[in-house]
Structures are given as C-alpha cells and as structure tokens.
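Some notes on the structure that comes next.
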Amino acid sequence: MPSTPPAPDARKEPAFPVRITSRPAAALVTLGFVVVLPLVLLAVSTVLPGTDGSPLGSQDALVRQAVGDGTALVVVAALVSLLGGWRSVVAEPRTRSRWGVVILVGYAVLAAATFTTPLRPGSGDYLGALAVAVVAVALVEELVYRGVLVVGFRRALPEWVVWLLSTASFALTHALGQGLDGLFQVQMTFVLGSAAYLVRRVSGSIVGPVVLHVLYNAVQGFRTQTADGVPAVLSAATVLFLFAAAVVGLVLAIRHPRDDRRA
C-alpha cells in the first residue's frame, strides 16, 4: 500500500534554526548544541559536589542528575526559542513502518514486564528519585539529539548522515569521563539513540523518543533495586528488541529519507 503523503500544512514554519538562512551555517549552529549540553552539565557539577560515578548509583546522585538536566533543559529551550523553529524540532509528518511499530511495541511490553520483578525492601525513596531523574534526562537529551540535531542537520545533510551524526553524538557524549570501562554503555547508548530516531520518525513527535528514553533508563535503575535480579531471558529479549529497533532506524534513514534542505 503506498504511503500517504503528508498534509500541506504538516509544518507551518521553516525548519530549525529559522533565523539562520545558510544551510552550512545552520548545520554548524546545530553542531554547537553537541557542546552546549555537556558544558551546562559540567557547570552544574562544579556547583553540586559529589557528582562523580554513575547517576544511578544512589538517591542523591539521581537528585543531582535531575537538577543538572533540568538546568540544561531551560538553557536549551531558551536557545531554540532564540533561533526559531520549535514546531520542526518537536514534530514532523509520520513515516509508515509496520515492522518498526511492531518491534517498538514488543520492546515496550518486555521493558514493562521488568517492573514486575520483586524489589528489595526500602526501595521506595530511590525509585521516587529515579522517576524524576529519568524524565529530566530524557526531556533534555531527546530535545537536543532527536530534536535539534536531527532537524538542524537535515538542512544540509542526507538523512542517513543525519541519523549517524545525531546518534553518534548522543553515544559519544556519554563516553565523557567513562574511559574504557564505559565502552559497553556507549555502545548501548548508540543503540538507544538509533531506536529513538525510529520512534521520532514513526510517531511524528519528540514525545515518542522521550517515552522510550524514560522507559530504558527506568529499567536500568529498577534493576539495581531488585531482590534477585531480572530474569536473564527477559533481559536478553528486551535488549534484542532494542537492537532490532536500532537496525530498523538505520534502514528507515536510508530507504525513507526526508528532504528538509531549504534556504
């Protein structure tokens, strides 16, 4: 069945950054957001002591993470407002992908099943802090990597390059300060980024990637509070579906590109 073309009014304003008319300049300004987010988080970490280590390591670390990402969200939102193009950042016409939807629904079901695993006593406060932190992290990171970077790079680059740069930037940012010990985390972050790209394309909204990101991080934090760990079969199946979503994200970028290159 042929794809339904988007309605003529699906986008009512030019693509971000609206106030930059040159395509190469738009891409360069967009690239600057890769630096802005880590710098803001670094600045907050110098004010709030004890931010070393995994943000999932303790309740206090989660609270500090939420404060840092909340601050970054305000800064990024102000910059997007200044440059113009909010609608293009947060929404786009949906791309049809039945396999993508099936795989994403499968991942969501398996991830949700993780939360049925019995918990250790006294986990309530940690889980409350986890809920706040994962929402703050997902909002700011998806706004930057699946919002600003995807739309801004589209002004000058082919879609598969947009996929690669936005996803790789997301993964490499998480490598800062991790060393070789964080290699697995970087790889999984790349997979998550590609899956989140898929969600943006099939949902047509930045809300979809935020939900996926929240779910992924919530599962990681929840695992640390389980009494006997998450069943191995459930963990393996969840990761497998996430990898499948990442592959479909790449295929979508190659086979169903968008053309937002405009002056």
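Just so we're on the same page: first chain in the structure tokens is A, next is B, and so on; residues restart at 1 for each chain, and ligands are numbered from 1 in the order they show up.
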Please identify which residues in stretch 36-262 of chain A DSSP calls alpha helix (DSSP H) from the backbone, and express them as a ChimeraX atom specification.
/A:36-47,59-83,86-90,98-114,124-142,149-154,159-173,183-203,207-223,232-255
Give me, as a CSV table (one decimal) with N, CA, C and O atoms, in the first residue's frame, all polymer residues having an atom no more than 10 Å from A:Val89, counting only C-alpha atoms and skipping those fewer than 4 positions away in the same chain.
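See out_6.csv below for the written result:
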chain,number,residue,atom,x,y,z
A,15,ALA,N,12.3,25.0,8.9
A,15,ALA,CA,13.0,24.1,9.8
A,15,ALA,C,13.9,24.9,10.7
A,15,ALA,O,14.5,25.9,10.3
A,16,PHE,N,14.2,24.4,11.9
A,16,PHE,CA,15.2,24.9,12.8
A,16,PHE,C,16.6,24.8,12.2
A,16,PHE,O,16.9,23.9,11.5
A,17,PRO,N,17.4,25.8,12.4
A,17,PRO,CA,17.2,27.1,13.1
A,17,PRO,C,16.7,28.2,12.1
A,17,PRO,O,17.4,28.5,11.1
A,80,VAL,N,16.7,27.4,21.6
A,80,VAL,CA,15.8,27.0,20.5
A,80,VAL,C,14.8,28.2,20.2
A,80,VAL,O,14.5,28.5,19.1
A,84,GLY,N,14.6,30.0,16.7
A,84,GLY,CA,13.3,29.8,16.0
A,84,GLY,C,13.2,28.4,15.4
A,84,GLY,O,14.2,27.8,14.9
A,85,GLY,N,12.0,27.9,15.3
A,85,GLY,CA,11.7,26.6,14.7
A,85,GLY,C,11.3,25.5,15.6
A,85,GLY,O,11.5,24.3,15.4
A,143,LEU,N,15.4,16.4,23.3
A,143,LEU,CA,15.2,17.7,22.7
A,143,LEU,C,16.4,18.0,21.9
A,143,LEU,O,16.3,18.5,20.8
A,144,VAL,N,17.6,17.7,22.4
A,144,VAL,CA,18.9,18.0,21.7
A,144,VAL,C,19.1,17.0,20.6
A,144,VAL,O,19.3,17.4,19.4
A,146,ARG,N,17.4,14.1,19.3
A,146,ARG,CA,16.4,13.7,18.4
A,146,ARG,C,15.5,14.9,17.9
A,146,ARG,O,14.7,14.7,17.0
A,147,GLY,N,15.8,16.0,18.5
A,147,GLY,CA,15.0,17.2,18.1
A,147,GLY,C,15.9,18.2,17.3
A,147,GLY,O,15.9,18.2,16.1
A,148,VAL,N,16.8,18.9,18.0
A,148,VAL,CA,17.6,20.0,17.4
A,148,VAL,C,18.6,19.4,16.4
A,148,VAL,O,18.6,19.9,15.2
A,149,LEU,N,19.3,18.3,16.8
A,149,LEU,CA,20.3,17.8,15.8
A,149,LEU,C,19.7,17.2,14.6
A,149,LEU,O,20.2,17.4,13.5
A,150,VAL,N,18.6,16.4,14.7
A,150,VAL,CA,18.0,15.8,13.6
A,150,VAL,C,17.5,16.9,12.6
A,150,VAL,O,17.8,16.8,11.4
A,151,VAL,N,16.8,17.8,13.1
A,151,VAL,CA,16.2,18.8,12.2
A,151,VAL,C,17.2,19.8,11.7
A,151,VAL,O,17.2,20.1,10.5
A,152,GLY,N,18.1,20.2,12.5
A,152,GLY,CA,19.2,21.2,12.1
A,152,GLY,C,20.1,20.6,11.0
A,152,GLY,O,20.4,21.2,10.0
A,205,SER,N,6.6,12.7,16.5
A,205,SER,CA,6.7,13.7,17.6
A,205,SER,C,7.9,13.3,18.5
A,205,SER,O,8.3,12.2,18.6
A,206,ILE,N,8.4,14.4,19.1
A,206,ILE,CA,9.5,14.2,20.1
A,206,ILE,C,9.1,13.4,21.3
A,206,ILE,O,9.9,12.9,22.1
Which residues, written as a ChimeraX atom specification, have at least one atom at most 9 Å from A:Thr167, with only C-alpha atoms counted and residues fewer than 5 positions away on the same chain left out?
/A:145-146,162,172,189-194,196-197
Using only C-alpha atoms, which residue out of A:Ala244, A:Pro121, A:Leu104, A:Val132 lies closest to A:Leu212?
A:Leu104
Could you jot down the atom CA of A:Leu242 to atom CA of A:Arg87 separation for me, Å, one decimal place?
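Rounded to one decimal, the two atoms are 27.8 Å apart.
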Looking at only C-alpha atoms, which of A:Leu183, A:Val44, A:Val140, A:Leu56 is the one that sits closest to A:Tyr126?
A:Leu56
Contacts of A:Leu127 at 12 Å or less, counting only C-alpha atoms, minus same-chain residues fewer than 3 places along, as a list of chain:residue names?
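The filter keeps A:Leu56, A:Gly57, A:Ser58, A:Gln59, A:Asp60, A:Leu62, A:Val63, A:Phe115, A:Leu119, A:Arg120, A:Pro121, A:Gly122, A:Ser123, A:Gly124, A:Leu130, A:Ala131, A:Val132, A:Ala133, A:Val134, A:Asn217, A:Ala218, A:Val219, A:Gln220, A:Gly221, A:Phe222, A:Arg223, A:Thr224, A:Gln225, A:Thr226.
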Output file for the selection above: N, CA and C atoms, as a short mmCIF file (atom, residue, chain, number, x, y, z; two decimals), in the first residue's frame:
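Generated file (again-v8.cif):
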data_model
loop_
_atom_site.label_atom_id
_atom_site.label_comp_id
_atom_site.auth_asym_id
_atom_site.auth_seq_id
_atom_site.Cartn_x
_atom_site.Cartn_y
_atom_site.Cartn_z
N LEU A 56 22.96 6.52 38.47
CA LEU A 56 22.02 5.55 39.02
C LEU A 56 22.53 4.94 40.32
N GLY A 57 23.70 5.41 40.78
CA GLY A 57 24.34 4.77 41.93
C GLY A 57 23.67 5.00 43.26
N SER A 58 22.96 6.11 43.42
CA SER A 58 22.34 6.41 44.71
C SER A 58 21.21 7.40 44.52
N GLN A 59 20.42 7.57 45.56
CA GLN A 59 19.32 8.52 45.51
C GLN A 59 19.85 9.94 45.35
N ASP A 60 20.92 10.28 46.08
CA ASP A 60 21.49 11.63 45.97
C ASP A 60 22.02 11.90 44.56
N LEU A 62 20.91 10.65 41.81
CA LEU A 62 19.76 10.84 40.94
C LEU A 62 19.21 12.26 41.07
N VAL A 63 19.16 12.77 42.30
CA VAL A 63 18.65 14.12 42.51
C VAL A 63 19.57 15.14 41.83
N PHE A 115 9.27 -4.47 35.35
CA PHE A 115 8.82 -3.83 36.58
C PHE A 115 7.98 -4.75 37.46
N LEU A 119 11.17 -6.43 44.38
CA LEU A 119 12.16 -5.44 44.80
C LEU A 119 12.71 -5.75 46.19
N ARG A 120 13.88 -5.18 46.48
CA ARG A 120 14.41 -5.23 47.83
C ARG A 120 13.58 -4.32 48.73
N PRO A 121 13.51 -4.60 50.02
CA PRO A 121 12.79 -3.70 50.94
C PRO A 121 13.45 -2.32 50.97
N GLY A 122 12.64 -1.29 51.16
CA GLY A 122 13.17 0.06 51.31
C GLY A 122 13.62 0.72 50.03
N SER A 123 13.06 0.33 48.89
CA SER A 123 13.47 0.90 47.61
C SER A 123 12.63 2.11 47.18
N GLY A 124 11.62 2.44 47.97
CA GLY A 124 10.66 3.46 47.56
C GLY A 124 11.28 4.83 47.30
N LEU A 130 14.40 8.20 41.10
CA LEU A 130 14.65 7.68 39.76
C LEU A 130 13.61 8.21 38.78
N ALA A 131 12.36 8.23 39.18
CA ALA A 131 11.29 8.69 38.29
C ALA A 131 11.52 10.13 37.85
N VAL A 132 11.91 10.98 38.80
CA VAL A 132 12.16 12.39 38.47
C VAL A 132 13.37 12.53 37.56
N ALA A 133 14.45 11.80 37.88
CA ALA A 133 15.70 11.93 37.14
C ALA A 133 15.56 11.45 35.70
N VAL A 134 14.89 10.30 35.50
CA VAL A 134 14.82 9.76 34.13
C VAL A 134 13.97 10.66 33.23
N ASN A 217 15.89 4.08 30.68
CA ASN A 217 16.62 4.45 31.88
C ASN A 217 15.94 3.95 33.15
N ALA A 218 14.62 3.95 33.14
CA ALA A 218 13.89 3.44 34.31
C ALA A 218 14.18 1.97 34.54
N VAL A 219 14.27 1.21 33.46
CA VAL A 219 14.60 -0.22 33.58
C VAL A 219 15.99 -0.39 34.17
N GLN A 220 16.96 0.42 33.71
CA GLN A 220 18.32 0.31 34.22
C GLN A 220 18.39 0.61 35.73
N GLY A 221 17.69 1.64 36.15
CA GLY A 221 17.68 1.97 37.57
C GLY A 221 16.91 0.95 38.40
N PHE A 222 15.80 0.48 37.87
CA PHE A 222 14.97 -0.50 38.57
C PHE A 222 15.74 -1.79 38.83
N ARG A 223 16.57 -2.18 37.87
CA ARG A 223 17.35 -3.42 38.01
C ARG A 223 18.23 -3.40 39.25
N THR A 224 18.73 -2.21 39.63
CA THR A 224 19.62 -2.13 40.79
C THR A 224 18.89 -2.35 42.11
N GLN A 225 17.57 -2.30 42.08
CA GLN A 225 16.78 -2.42 43.31
C GLN A 225 16.05 -3.76 43.42
N THR A 226 16.24 -4.64 42.45
CA THR A 226 15.54 -5.92 42.50
C THR A 226 16.17 -6.85 43.54
#
Using atom CA of A:Phe153 and atom CA of A:Ala136 as the two end points, give the distance in Å to one decimal.
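Separation between atom CA of A:Phe153 and atom CA of A:Ala136: 24.3 Å.
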Take atom CA of A:Pro38 and atom CA of A:Thr173 and report the distance between them in Å, one decimal.
7.3 Å
Can you list, as a VMD selection string, every protein, DNA or RNA residue that comes within 12 Å of A:Ala113 when you count only C-alpha atoms, leaving out same-chain residues fewer than 5 positions away?
chain A and resid 106 to 108 118 215 219 222 to 223 230 to 231 233 to 235 237 to 238
Residue subset to file, keeping all heavy atoms, as a CSV table (one decimal), in the first residue's frame:
chain,number,residue,atom,x,y,z
A,106,GLY,N,6.9,-4.4,21.0
A,106,GLY,CA,7.4,-5.5,21.6
A,106,GLY,C,8.4,-5.1,22.7
A,106,GLY,O,8.4,-5.7,23.8
A,107,TYR,N,9.3,-4.2,22.4
A,107,TYR,CA,10.2,-3.7,23.4
A,107,TYR,C,9.5,-3.1,24.6
A,107,TYR,O,9.9,-3.4,25.7
A,107,TYR,CB,11.2,-2.6,22.8
A,107,TYR,CG,12.0,-2.0,23.8
A,107,TYR,CD1,13.2,-2.6,24.3
A,107,TYR,CD2,11.7,-0.7,24.4
A,107,TYR,CE1,13.9,-2.1,25.3
A,107,TYR,CE2,12.5,-0.2,25.4
A,107,TYR,CZ,13.6,-0.8,25.8
A,107,TYR,OH,14.4,-0.3,26.8
A,108,ALA,N,8.5,-2.3,24.4
A,108,ALA,CA,7.8,-1.6,25.4
A,108,ALA,C,7.1,-2.7,26.4
A,108,ALA,O,7.2,-2.5,27.6
A,108,ALA,CB,6.7,-0.7,24.9
A,118,PRO,N,10.3,-8.7,41.7
A,118,PRO,CA,10.3,-8.3,43.1
A,118,PRO,C,11.5,-7.4,43.5
A,118,PRO,O,12.6,-7.6,43.0
A,118,PRO,CB,10.4,-9.7,43.9
A,118,PRO,CG,9.9,-10.7,42.9
A,118,PRO,CD,10.3,-10.2,41.5
A,215,LEU,N,11.7,5.0,29.5
A,215,LEU,CA,11.5,3.5,29.8
A,215,LEU,C,12.8,2.8,29.9
A,215,LEU,O,13.0,2.0,30.8
A,215,LEU,CB,10.6,2.9,28.7
A,215,LEU,CG,10.1,1.5,28.9
A,215,LEU,CD1,9.3,1.4,30.1
A,215,LEU,CD2,9.3,1.0,27.6
A,219,VAL,N,14.3,1.2,33.5
A,219,VAL,CA,14.6,-0.2,33.6
A,219,VAL,C,16.0,-0.4,34.2
A,219,VAL,O,16.2,-1.2,35.1
A,219,VAL,CB,14.5,-0.9,32.2
A,219,VAL,CG1,15.1,-2.3,32.3
A,219,VAL,CG2,13.0,-1.0,31.8
A,222,PHE,N,15.8,0.5,37.9
A,222,PHE,CA,15.0,-0.5,38.6
A,222,PHE,C,15.7,-1.8,38.8
A,222,PHE,O,15.6,-2.4,39.9
A,222,PHE,CB,13.7,-0.8,37.7
A,222,PHE,CG,12.7,-1.7,38.4
A,222,PHE,CD1,11.7,-1.2,39.2
A,222,PHE,CD2,12.8,-3.1,38.2
A,222,PHE,CE1,10.8,-2.0,39.8
A,222,PHE,CE2,11.9,-3.9,38.8
A,222,PHE,CZ,10.9,-3.4,39.6
A,223,ARG,N,16.6,-2.2,37.9
A,223,ARG,CA,17.3,-3.4,38.0
A,223,ARG,C,18.2,-3.4,39.3
A,223,ARG,O,18.5,-4.4,39.9
A,223,ARG,CB,18.2,-3.6,36.8
A,223,ARG,CG,17.5,-4.0,35.5
A,223,ARG,CD,18.3,-3.8,34.3
A,223,ARG,NE,19.5,-4.7,34.4
A,223,ARG,CZ,19.6,-5.9,33.8
A,223,ARG,NH1,18.6,-6.4,33.2
A,223,ARG,NH2,20.7,-6.6,34.0
A,230,VAL,N,16.8,-9.3,37.5
A,230,VAL,CA,15.8,-9.5,36.4
A,230,VAL,C,16.1,-10.8,35.8
A,230,VAL,O,17.3,-11.2,35.5
A,230,VAL,CB,15.8,-8.4,35.4
A,230,VAL,CG1,14.8,-8.6,34.3
A,230,VAL,CG2,15.5,-7.0,36.1
A,231,PRO,N,15.1,-11.7,35.5
A,231,PRO,CA,15.3,-12.9,34.8
A,231,PRO,C,16.2,-12.7,33.5
A,231,PRO,O,15.9,-11.8,32.7
A,231,PRO,CB,13.9,-13.4,34.5
A,231,PRO,CG,13.1,-12.8,35.5
A,231,PRO,CD,13.7,-11.5,35.8
A,233,VAL,N,16.4,-14.4,30.7
A,233,VAL,CA,15.6,-14.5,29.5
A,233,VAL,C,14.9,-13.1,29.1
A,233,VAL,O,14.9,-12.7,28.0
A,233,VAL,CB,14.6,-15.6,29.5
A,233,VAL,CG1,13.7,-15.6,28.3
A,233,VAL,CG2,15.3,-16.9,29.6
A,234,LEU,N,14.3,-12.5,30.2
A,234,LEU,CA,13.6,-11.3,30.0
A,234,LEU,C,14.6,-10.2,29.6
A,234,LEU,O,14.4,-9.4,28.7
A,234,LEU,CB,12.9,-10.9,31.2
A,234,LEU,CG,12.1,-9.5,31.2
A,234,LEU,CD1,11.1,-9.5,30.1
A,234,LEU,CD2,11.4,-9.3,32.6
A,235,SER,N,15.8,-10.1,30.3
A,235,SER,CA,16.8,-9.1,29.9
A,235,SER,C,17.3,-9.3,28.5
A,235,SER,O,17.4,-8.3,27.8
A,235,SER,CB,17.9,-9.2,30.9
A,235,SER,OG,17.6,-8.8,32.2
A,237,ALA,N,15.8,-10.7,25.9
A,237,ALA,CA,14.8,-10.4,25.0
A,237,ALA,C,14.6,-8.9,24.8
A,237,ALA,O,14.4,-8.4,23.7
A,237,ALA,CB,13.5,-11.1,25.4
A,238,THR,N,14.6,-8.2,25.9
A,238,THR,CA,14.5,-6.8,25.9
A,238,THR,C,15.6,-6.1,25.1
A,238,THR,O,15.4,-5.2,24.2
A,238,THR,CB,14.5,-6.2,27.3
A,238,THR,OG1,13.5,-6.8,28.1
A,238,THR,CG2,14.2,-4.7,27.3
